[in-house]
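Undergrad: Got a file for you: coords-v1.tsv, TSV, C-alpha atoms.
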```tsv
chain	number	residue	atom	x	y	z
A	1	MET	CA	-88.00	41.85	-10.80
A	2	ARG	CA	-88.14	45.32	-12.34
A	3	LEU	CA	-91.24	47.08	-11.07
A	4	LEU	CA	-93.09	50.14	-12.22
A	5	ALA	CA	-94.48	51.79	-9.09
A	6	ALA	CA	-97.66	53.80	-9.64
A	7	VAL	CA	-99.19	56.21	-7.15
A	8	ARG	CA	-102.44	58.06	-7.63
A	9	LEU	CA	-104.17	60.71	-5.61
A	10	SER	CA	-107.62	61.81	-6.71
A	11	ARG	CA	-107.54	64.94	-4.59
A	12	LEU	CA	-104.37	66.62	-3.44
A	13	SER	CA	-105.97	67.27	-0.03
A	14	TYR	CA	-106.25	63.56	0.89
A	15	SER	CA	-103.75	62.68	3.58
A	16	SER	CA	-104.57	59.06	4.45
A	17	THR	CA	-103.10	57.79	1.19
A	18	SER	CA	-100.68	60.62	0.44
A	19	VAL	CA	-98.15	60.32	-2.34
A	20	ASP	CA	-95.35	60.02	0.21
A	21	THR	CA	-97.20	57.28	2.13
A	22	GLN	CA	-97.86	55.32	-1.04
A	23	ALA	CA	-94.28	55.74	-2.34
A	24	GLU	CA	-92.71	54.74	0.98
A	25	ASN	CA	-94.86	51.59	1.19
A	26	LEU	CA	-94.04	50.61	-2.39
A	27	ALA	CA	-90.30	51.14	-1.85
A	28	GLU	CA	-90.42	49.07	1.34
A	29	TYR	CA	-92.28	46.24	-0.41
A	30	ALA	CA	-89.74	46.21	-3.25
A	31	ARG	CA	-86.80	46.25	-0.84
A	32	ARG	CA	-88.20	43.42	1.33
A	33	ASN	CA	-88.82	41.25	-1.71
A	34	GLY	CA	-85.60	41.94	-3.62
A	35	HIS	CA	-87.21	43.90	-6.46
A	36	THR	CA	-86.03	47.07	-8.19
A	37	ILE	CA	-88.31	50.01	-8.83
A	38	VAL	CA	-87.37	51.33	-12.27
A	39	ALA	CA	-89.70	54.32	-12.07
A	40	LEU	CA	-92.23	55.88	-9.74
A	41	THR	CA	-95.14	57.41	-11.62
A	42	GLU	CA	-97.42	59.98	-10.05
A	43	ASP	CA	-100.94	60.76	-11.11
A	44	LEU	CA	-101.93	63.66	-8.89
A	45	ASP	CA	-105.42	65.06	-8.79
A	46	VAL	CA	-106.47	62.28	-11.18
A	47	SER	CA	-109.79	60.56	-10.61
A	48	GLY	CA	-109.94	56.82	-10.22
A	49	GLY	CA	-112.63	57.02	-12.91
A	50	LYS	CA	-109.88	57.38	-15.51
A	51	PRO	CA	-108.63	53.99	-16.77
A	52	ILE	CA	-105.03	53.27	-15.85
A	53	ARG	CA	-103.77	53.27	-19.44
A	54	GLU	CA	-105.17	56.79	-19.97
A	55	ARG	CA	-103.55	58.42	-16.95
A	56	PRO	CA	-100.82	60.94	-17.71
A	57	GLY	CA	-98.24	59.51	-15.31
A	58	VAL	CA	-98.50	55.75	-15.67
A	59	GLY	CA	-100.23	55.51	-19.05
A	60	PRO	CA	-97.19	56.16	-21.27
A	61	TRP	CA	-95.31	53.32	-19.56
A	62	PHE	CA	-97.68	50.82	-21.18
A	63	LYS	CA	-95.81	51.58	-24.42
A	64	ARG	CA	-92.49	50.72	-22.74
A	65	LEU	CA	-93.11	47.15	-21.59
A	66	ASP	CA	-89.47	46.21	-22.22
A	67	VAL	CA	-88.38	48.42	-19.30
A	68	TRP	CA	-90.46	46.83	-16.52
A	69	ASP	CA	-91.72	43.38	-15.54
A	70	GLY	CA	-94.52	44.15	-13.10
A	71	LEU	CA	-96.79	46.92	-11.89
A	72	LEU	CA	-96.79	47.84	-8.21
A	73	GLY	CA	-99.45	49.93	-6.53
A	74	PHE	CA	-100.51	50.87	-3.02
A	75	SER	CA	-103.95	49.27	-3.35
A	76	ILE	CA	-106.23	48.03	-6.10
A	77	ASP	CA	-108.39	51.17	-5.91
A	78	ARG	CA	-105.30	53.37	-6.38
A	79	MET	CA	-104.42	51.46	-9.56
A	80	PHE	CA	-107.54	50.49	-11.46
A	81	ARG	CA	-110.81	52.27	-12.19
A	82	ASN	CA	-112.87	49.16	-11.48
A	83	HIS	CA	-112.86	45.42	-12.03
A	84	TYR	CA	-113.40	45.90	-15.76
A	85	ASP	CA	-110.33	48.16	-16.02
A	86	PHE	CA	-108.25	45.53	-14.20
A	87	VAL	CA	-109.51	42.63	-16.32
A	88	THR	CA	-109.08	44.42	-19.65
A	89	THR	CA	-105.59	45.58	-18.68
A	90	TRP	CA	-104.72	42.01	-17.71
A	91	HIS	CA	-106.21	40.61	-20.91
A	92	ASP	CA	-104.81	43.22	-23.30
A	93	VAL	CA	-101.40	43.93	-21.74
A	94	PHE	CA	-100.20	41.63	-19.00
A	95	ALA	CA	-101.25	38.18	-20.25
A	96	PRO	CA	-99.96	38.59	-23.82
A	97	ASN	CA	-96.65	40.02	-22.61
A	98	GLY	CA	-95.97	37.56	-19.84
```
Take the structure in this file and express it as structure tokens.
TA:
Amino acid sequence: MRLLAAVRLSRLSYSSTSVDTQAENLAEYARRNGHTIVALTEDLDVSGGKPIRERPGVGPWFKRLDVWDGLLGFSIDRMFRNHYDFVTTWHDVFAPNG
């Protein structure tokens, strides 16, 4: 499966979920499961309060759905603003596009 790997860091000073830590974990997951990461997007110093489709790093990829099959993130709170953001993204993007 072709995966789009998305990392987000709300404050550049956070070390527990650093960009490198997130990226390494995503690469390891993809490798273990036979997937290919087509791109690694970075949203640095971007609040989780910003919906995923509006983030400067990952947002533009939602207009390029032919390039990737799935979205990969370190944890749900690194990917989506809240449950509503997840559900609307699923409803508007993922479900209609398989």
Undergrad: Within 9 Å of segment 79-83 of chain A, counting only C-alpha atoms, which residues show up once you throw out same-chain ones fewer than 6 positions away? Write them as a PyMOL selection string, please.
TA: chain A and resi 6-8+47-52+72-73+89
Undergrad: Could you take the residues named above and write them with C-alpha atoms, as a PDB file, in the frame of the given file?
TA:
```
ATOM      1  CA  ALA A   6     -97.660  53.800  -9.640  1.00  0.00           C
ATOM      2  CA  VAL A   7     -99.190  56.210  -7.150  1.00  0.00           C
ATOM      3  CA  ARG A   8    -102.440  58.060  -7.630  1.00  0.00           C
ATOM      4  CA  SER A  47    -109.790  60.560 -10.610  1.00  0.00           C
ATOM      5  CA  GLY A  48    -109.940  56.820 -10.220  1.00  0.00           C
ATOM      6  CA  GLY A  49    -112.630  57.020 -12.910  1.00  0.00           C
ATOM      7  CA  LYS A  50    -109.880  57.380 -15.510  1.00  0.00           C
ATOM      8  CA  PRO A  51    -108.630  53.990 -16.770  1.00  0.00           C
ATOM      9  CA  ILE A  52    -105.030  53.270 -15.850  1.00  0.00           C
ATOM     10  CA  LEU A  72     -96.790  47.840  -8.210  1.00  0.00           C
ATOM     11  CA  GLY A  73     -99.450  49.930  -6.530  1.00  0.00           C
ATOM     12  CA  THR A  89    -105.590  45.580 -18.680  1.00  0.00           C
TER      13      THR A  89
END
```
Undergrad: Between A:Gln22, A:Tyr84, A:Leu4, A:Ile76, which is the closest to Thr41 of chain A once you count all atoms listed in the file?
TA: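 Between A:Gln22, A:Tyr84, A:Leu4, A:Ile76, the residue approaching Thr41 of chain A most closely is A:Leu4.
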Undergrad: Take the point (-97.6, 41.4, -19.1) in the file's coordinates, draw a sphere of radius 10 Å around it, and report as a PDB file with C-alpha atoms, in the frame of the given file every protein, DNA or RNA residue with an atom inside or on it, counting only C-alpha atoms.
TA:
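The new file out03.pdb reads:
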```
ATOM      1  CA  PHE A  62     -97.680  50.820 -21.180  1.00  0.00           C
ATOM      2  CA  LEU A  65     -93.110  47.150 -21.590  1.00  0.00           C
ATOM      3  CA  ASP A  66     -89.470  46.210 -22.220  1.00  0.00           C
ATOM      4  CA  TRP A  68     -90.460  46.830 -16.520  1.00  0.00           C
ATOM      5  CA  ASP A  69     -91.720  43.380 -15.540  1.00  0.00           C
ATOM      6  CA  GLY A  70     -94.520  44.150 -13.100  1.00  0.00           C
ATOM      7  CA  LEU A  71     -96.790  46.920 -11.890  1.00  0.00           C
ATOM      8  CA  THR A  89    -105.590  45.580 -18.680  1.00  0.00           C
ATOM      9  CA  TRP A  90    -104.720  42.010 -17.710  1.00  0.00           C
ATOM     10  CA  HIS A  91    -106.210  40.610 -20.910  1.00  0.00           C
ATOM     11  CA  ASP A  92    -104.810  43.220 -23.300  1.00  0.00           C
ATOM     12  CA  VAL A  93    -101.400  43.930 -21.740  1.00  0.00           C
ATOM     13  CA  PHE A  94    -100.200  41.630 -19.000  1.00  0.00           C
ATOM     14  CA  ALA A  95    -101.250  38.180 -20.250  1.00  0.00           C
ATOM     15  CA  PRO A  96     -99.960  38.590 -23.820  1.00  0.00           C
ATOM     16  CA  ASN A  97     -96.650  40.020 -22.610  1.00  0.00           C
ATOM     17  CA  GLY A  98     -95.970  37.560 -19.840  1.00  0.00           C
TER      18      GLY A  98
END
```
Undergrad: Would you mind telling me which residue in A:Val46, A:Leu9, A:Trp61, A:Leu3 lies nearest to Gly34 of chain A when using all atoms listed in the file?
TA: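 Result for the nearest residue to Gly34 of chain A: A:Leu3.
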Undergrad: For Tyr29 of chain A, which residue out of A:Lys63, A:Val58, A:Ala5, A:Val87 is the nearest one, using only C-alpha atoms?
TA: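 Once distances to Tyr29 of chain A are computed over only C-alpha atoms, the minimum belongs to A:Ala5.
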Undergrad: Atom CA of Val67 of chain A and atom CA of Leu44 of chain A are how many Å apart?
TA: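 Those two atoms sit 22.9 Å apart.
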Undergrad: Got a minute to add all heavy atoms to segment 25-36 of chain A and dump it as an mmCIF file, in the frame of the given file?
TA:
```
data_model
loop_
_atom_site.group_PDB
_atom_site.id
_atom_site.type_symbol
_atom_site.label_atom_id
_atom_site.label_comp_id
_atom_site.auth_asym_id
_atom_site.auth_seq_id
_atom_site.Cartn_x
_atom_site.Cartn_y
_atom_site.Cartn_z
ATOM 1 N N ASN A 25 -94.398 52.971 1.088
ATOM 2 C CA ASN A 25 -94.860 51.590 1.190
ATOM 3 C C ASN A 25 -94.416 50.760 -0.006
ATOM 4 O O ASN A 25 -94.022 49.603 0.146
ATOM 5 C CB ASN A 25 -96.378 51.550 1.338
ATOM 6 C CG ASN A 25 -96.821 51.802 2.753
ATOM 7 O OD1 ASN A 25 -96.848 50.892 3.562
ATOM 8 N ND2 ASN A 25 -97.146 53.041 3.069
ATOM 9 N N LEU A 26 -94.463 51.334 -1.192
ATOM 10 C CA LEU A 26 -94.040 50.610 -2.390
ATOM 11 C C LEU A 26 -92.537 50.332 -2.363
ATOM 12 O O LEU A 26 -92.096 49.229 -2.690
ATOM 13 C CB LEU A 26 -94.418 51.391 -3.647
ATOM 14 C CG LEU A 26 -95.915 51.648 -3.843
ATOM 15 C CD1 LEU A 26 -96.153 52.441 -5.113
ATOM 16 C CD2 LEU A 26 -96.716 50.367 -3.831
ATOM 17 N N ALA A 27 -91.761 51.324 -1.944
ATOM 18 C CA ALA A 27 -90.300 51.140 -1.850
ATOM 19 C C ALA A 27 -89.964 50.070 -0.819
ATOM 20 O O ALA A 27 -89.075 49.232 -1.051
ATOM 21 C CB ALA A 27 -89.635 52.465 -1.488
ATOM 22 N N GLU A 28 -90.653 50.067 0.295
ATOM 23 C CA GLU A 28 -90.420 49.070 1.340
ATOM 24 C C GLU A 28 -90.762 47.665 0.839
ATOM 25 O O GLU A 28 -90.033 46.706 1.081
ATOM 26 C CB GLU A 28 -91.212 49.411 2.593
ATOM 27 C CG GLU A 28 -91.124 48.394 3.705
ATOM 28 C CD GLU A 28 -89.710 48.174 4.243
ATOM 29 O OE1 GLU A 28 -88.840 49.053 4.062
ATOM 30 O OE2 GLU A 28 -89.465 47.103 4.834
ATOM 31 N N TYR A 29 -91.892 47.543 0.146
ATOM 32 C CA TYR A 29 -92.280 46.240 -0.410
ATOM 33 C C TYR A 29 -91.204 45.733 -1.378
ATOM 34 O O TYR A 29 -90.792 44.574 -1.307
ATOM 35 C CB TYR A 29 -93.623 46.347 -1.147
ATOM 36 C CG TYR A 29 -93.981 45.071 -1.866
ATOM 37 C CD1 TYR A 29 -94.642 44.049 -1.198
ATOM 38 C CD2 TYR A 29 -93.618 44.872 -3.200
ATOM 39 C CE1 TYR A 29 -94.940 42.863 -1.851
ATOM 40 C CE2 TYR A 29 -93.910 43.695 -3.856
ATOM 41 C CZ TYR A 29 -94.572 42.688 -3.176
ATOM 42 O OH TYR A 29 -94.851 41.514 -3.814
ATOM 43 N N ALA A 30 -90.760 46.604 -2.279
ATOM 44 C CA ALA A 30 -89.740 46.210 -3.250
ATOM 45 C C ALA A 30 -88.453 45.792 -2.556
ATOM 46 O O ALA A 30 -87.854 44.767 -2.895
ATOM 47 C CB ALA A 30 -89.485 47.355 -4.234
ATOM 48 N N ARG A 31 -88.030 46.567 -1.570
ATOM 49 C CA ARG A 31 -86.800 46.250 -0.840
ATOM 50 C C ARG A 31 -86.906 44.902 -0.142
ATOM 51 O O ARG A 31 -86.015 44.056 -0.256
ATOM 52 C CB ARG A 31 -86.497 47.351 0.183
ATOM 53 C CG ARG A 31 -85.149 47.158 0.890
ATOM 54 C CD ARG A 31 -84.989 48.054 2.097
ATOM 55 N NE ARG A 31 -85.980 47.805 3.133
ATOM 56 C CZ ARG A 31 -86.012 46.743 3.953
ATOM 57 N NH1 ARG A 31 -85.120 45.796 3.837
ATOM 58 N NH2 ARG A 31 -86.959 46.617 4.864
ATOM 59 N N ARG A 32 -88.004 44.679 0.581
ATOM 60 C CA ARG A 32 -88.200 43.420 1.330
ATOM 61 C C ARG A 32 -88.208 42.200 0.416
ATOM 62 O O ARG A 32 -87.835 41.103 0.837
ATOM 63 C CB ARG A 32 -89.525 43.457 2.096
ATOM 64 C CG ARG A 32 -89.475 44.110 3.418
ATOM 65 C CD ARG A 32 -90.712 43.827 4.273
ATOM 66 N NE ARG A 32 -91.929 43.601 3.528
ATOM 67 C CZ ARG A 32 -92.904 44.482 3.333
ATOM 68 N NH1 ARG A 32 -92.802 45.690 3.834
ATOM 69 N NH2 ARG A 32 -93.980 44.172 2.648
ATOM 70 N N ASN A 33 -88.655 42.386 -0.818
ATOM 71 C CA ASN A 33 -88.820 41.250 -1.710
ATOM 72 C C ASN A 33 -87.748 41.170 -2.801
ATOM 73 O O ASN A 33 -87.859 40.356 -3.721
ATOM 74 C CB ASN A 33 -90.222 41.281 -2.327
ATOM 75 C CG ASN A 33 -91.269 41.013 -1.275
ATOM 76 O OD1 ASN A 33 -91.471 39.870 -0.859
ATOM 77 N ND2 ASN A 33 -91.924 42.052 -0.788
ATOM 78 N N GLY A 34 -86.720 42.004 -2.697
ATOM 79 C CA GLY A 34 -85.600 41.940 -3.620
ATOM 80 C C GLY A 34 -85.897 42.448 -5.026
ATOM 81 O O GLY A 34 -85.254 42.021 -5.983
ATOM 82 N N HIS A 35 -86.857 43.339 -5.158
ATOM 83 C CA HIS A 35 -87.210 43.900 -6.460
ATOM 84 C C HIS A 35 -86.572 45.277 -6.631
ATOM 85 O O HIS A 35 -86.166 45.916 -5.666
ATOM 86 C CB HIS A 35 -88.731 44.039 -6.597
ATOM 87 C CG HIS A 35 -89.474 42.750 -6.436
ATOM 88 N ND1 HIS A 35 -89.202 41.630 -7.188
ATOM 89 C CD2 HIS A 35 -90.490 42.409 -5.612
ATOM 90 C CE1 HIS A 35 -90.015 40.655 -6.832
ATOM 91 N NE2 HIS A 35 -90.798 41.099 -5.862
ATOM 92 N N THR A 36 -86.545 45.742 -7.862
ATOM 93 C CA THR A 36 -86.030 47.070 -8.190
ATOM 94 C C THR A 36 -87.156 47.905 -8.778
ATOM 95 O O THR A 36 -87.841 47.461 -9.708
ATOM 96 C CB THR A 36 -84.899 46.966 -9.240
ATOM 97 O OG1 THR A 36 -83.862 46.150 -8.703
ATOM 98 C CG2 THR A 36 -84.359 48.325 -9.602
#
```
